[in-house]
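Please read the structure below before turning to the comments.
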Amino acid sequence: MKKILFKKNHFILMPSGILYWPDEFSLIIADLHLEKSSYFAKYGSLLPPYDSFETLTKLKENLLKLKVDKIILLGDIFHDNGAYERLERKSKLILDFITNNFYTIFVFGNHDKNINIPNTKKYSYYKIKDIIFSHQPSKLGLYEIFGHYHPKAYLKFRNKKISKNCFIVTKKKICLPAFGVYTGGIDVQNKVFDEFLESKRDYYLIDEKNIFKFGSNQLQSKF
Amino acid sequence: MKNNKNSNIISSWLIKKGWSLYNHQKEILKNVSIEDNILLTSPTGTGKTLSGFLPSLLDLSQLKKSNKILHTLYISPLKSLTYDIERNIIETLNEIDINIRIDTRTGDTSHLRKKNQLLNPPNILMTTIESFAILMSEKSSYEFFKNIKFVIIDEIHTFLNKKRGELLSLNLARLNNISKSHKKIMLSATIKDYEDACRYFCNKKAFLINAKVKKQISVKILSDIHNIPWTGYTPQYAIKLIYEKLEGNTCIIFVNTRAQAELLFQNLWKINEKKLKIALHHGSLEKRIRLQVENKMANGELDCVIATSSLDLGIDWSSVNLIIQIGAPKGVTRLVQRIGRSNHFLDGQSTAYLVPTNKFEFLECTVAIQAIKENDLEEIIHRKGSIDVLAQHITGVACSTEFCSDSLYSNILKSWPFRNISKKTFNEVLNFLSTGGYSLSNYDQFRKLEKKSNGRYEIKKKKFIKQYKMNVGTIVESEMLEVKLNNKKLGQIEEWFIKRLEKGDTFLFGGEILALESIKMNIVKVSRTKAHRPKIPSYAGGKMPLSTKLAFRVIELINNKDKWKKLPSTIITWLESQKNNSILPPQNGMLIESFPRNIGSMNEVYYLFYTFEGSNVNQTLGFVISKKLEFQGIKALGFVCTDYALAMWVNKKIKNVNELFEFNNFKKYLINWLEESSLFRRNFKKVSVISGLLDRGFPNKKKNHLSINSDLIFKVLKKYERNHILIRATEEESKRDLIEIDRLEKYVLRINKNILIKNLKKPSPLSIPLILQINTEVLNKDIVDEYYLNEIEKKLLLEAGLK
């Protein structure tokens, strides 16, 4: 894990993709995309239907290792607006366990704005200590923590390309990696990030067990 | 077929041309009335495709005019071949003067033309294996094929025992149910085992006709013997010699990779003082450009075409009288077939030159020529039918008609590669196609293959039929991006290649040096540049493995000093210096060399294992050794193999090398490794696409949140459904890629007491070609990633003075 200072607050970046805020006993995650498999199934790709269970199990396991009172979900928790209804019983039980035992803030995203998760408070954005928690960032110079983009970084080493999901941290923004097990990513070199991120950025590449820090100049673009 | 009148049509045509029928052609005409299946084999370029058409043309010439029945289906492995054969047949027909409607149907045929063909069938249809599969999936396939009389299958040696062959075999078995009375005529170049080849496509023996045409082939090495490079895959050192041969001849220069083709093309033009007409042909070029080259060659407008395997098959260019093979021939059979491209007039003598591009290849070329003289061809390795191909076939059947599972099963057993498939596996595939085949059965609402109340299966939804047609085929290419120059399409390029480039980098494509401008949505925009040489050369060696037959012959040559006399002095010096600086690899033992190398801040130790057992064995050995090293606390960071040896680099010295070859738990190591390997994940991706779990990635198709990474699926599937049919299919596929596991075991037993370990300070002469080989197989991706990430981070911290 890596500790960072963001607007004078200590945050911890976890290799699982969780952002932990110890002083607030809060855990922040983004982009679970639950039931992506069954969404695909509708279109003829009968993917293994275990992604929701696996993602929620991963969340629960990591959650129980930390001192947590509050969970902030940063949107796209479900892959589509019908996804909550398709969630099978075993997965629903874990979700219920989480929302029953922890104060859960549900900031909705573009994929799941019509979903209401029981036992959670639904917001379009949420604010603590002048830090805004949202699914997508605004372009203004506010302090914001968000998801949505599934950032993924590419490194080249001796002709070998390494790619990992990552956090992007700047002075005023933190972009979280996607947490869902079926979620892909977009290249952090993509121009879209320039619209709301300062040019000085740190990248924290994660791979379940480890987290590594890199600056912009060490990265490659996907192509 | 006892109609002298029509035989007369043919013979009067031949007389007009001043030709007569070859014996094998007479034999076909004689036997076709009594035999259902005929296999005609002959060396390439002996007019065998026309021979295959003779019975069909005779039969057709009897039919009444304006007949709208599909009479003859011609199936070829290559699109370009269908056009070429069409051109030849039309020419012939014009001369014989019978009115027959001919058409082609490939992936390039327009939607409208395809639709018209179904409504208004031609008499002869020329198609490819994949387009035939799609035809069989049409609702009207029964009507379309029920009156068919002849099926001609060309160049069967090129897809026998491959997934394409399996797909064709399944469809032919089904065609037998639709039309009981048709005859199959199979055509093949020289191969080793004919009977199995027949069974593969007809499920029984066929009547064999072997065209005993002796073509004189003279094969020689063409090389500047004083300057043979140590490594690399470019013939630049001999470019003048090659150029000199071109004048006054019509030549095909075969190379093993696209990159070689591009470079050679550019370099020949640089010295083309005589303004010879030299063209380029490879599979990545835009279709329009390829067709132009093919037509020009057919019309005799070119002096030379540089080609990859895109021209391996039987394009009939009678004017070609010279073949030059650049680089290792890889296999005797393949070399014989390539050489056979020259001099399609039977009576002339074919000439061929082999140009080795490095010292190892010189040895290989030397022994290949000897093998041709002894007619020592490779065996075909048999493999059982693949689960993913079966899944694709059943999907196709379900698109065309509703079916009862029992009768489909018994039909599938009639396809030779699938003759032993169990009912259980068949049912699992059905299950997979219906609802995914998972024990968590929540996809009932999304059923793809519907089961009707009468117990029969069917695919009803149009979107799934469309999806099937989009995804047909058994070749999963690495992703291709479209290359565009000012909105003009130039062709396609592999994603892995372009990924390594940055904006402004120059590379060769279509014979031009281009600079990368941008990549957007799978379109690579490029601009012309004045650079004289491309920045990114990309010389990967050919991916095709050397046949072990040649590998064996090479080590025999190395160990037999008497035979060295025939070698040029530079090669002898190379072998001598290996002998002095290390030792020569023994024939019945293994030489292992080790030496340290520093790459940047990283110290690595290289190990070279000279087995001479072929690349498959070396690859497997690499996997097993890296697994064993893990238990010794040593990280294998990567390895490369050639057919001769395995080179592995590790992070510290191996204490006991001998121990690596104690193989009590050999198979356990292999299975352990297999599941974690990148090979397995790559194969999972292929299997997922072929079986229809995932859509193919298409160029031009926008990537968005709807695309999904097969690695992520694999991880989850492995965890929750270890025994899922696709994991089993991947396992079988991976084991096939690592064939000859048993052979490796035997090899290790054989050399066990004869391991020679040589610790060196620097690379030995023999090792140089190997360690420079780019084609790396990365080991367990996670371990290596983590290692490199740690190292990069450490290096950065050091540089920043933080550690």
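As shown in the structure tokens, the chain order sets the letters A, B, ...; within each chain, residues go from 1, and ligands are also counted from 1 in the order they appear.
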- [ ] Considering only C-alpha atoms, extract the chain B residues located within 6 Å of chain A and return them as JSON, numbers by chain.
- [x] {"B": [436, 446, 499, 693, 694, 712, 717]}
Open item on the list: Which of stretch 11-214 of chain A end up as strand (DSSP E) when DSSP is run on this backbone - answer as a PyMOL selection string?
Closed with: chain A and resi 11-13+19-21+26-29+70-73+103-107+120-123+125-128+131-134+144-146+151-157+160-169+173-175+186-187+202-206+211-214
TODO: Choose the residue, out of B:Thr250, B:Asn651, B:Asn431, B:Asn754, that has the smallest atom-to-atom separation from B:Leu276; count only C-alpha atoms.
DONE: B:Thr250
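If you measure from each of B:Glu379, B:Asp103, B:Glu613, B:Asp643 to B:Asn116 using only C-alpha atoms, the closest one turns out to be B:Asp103.
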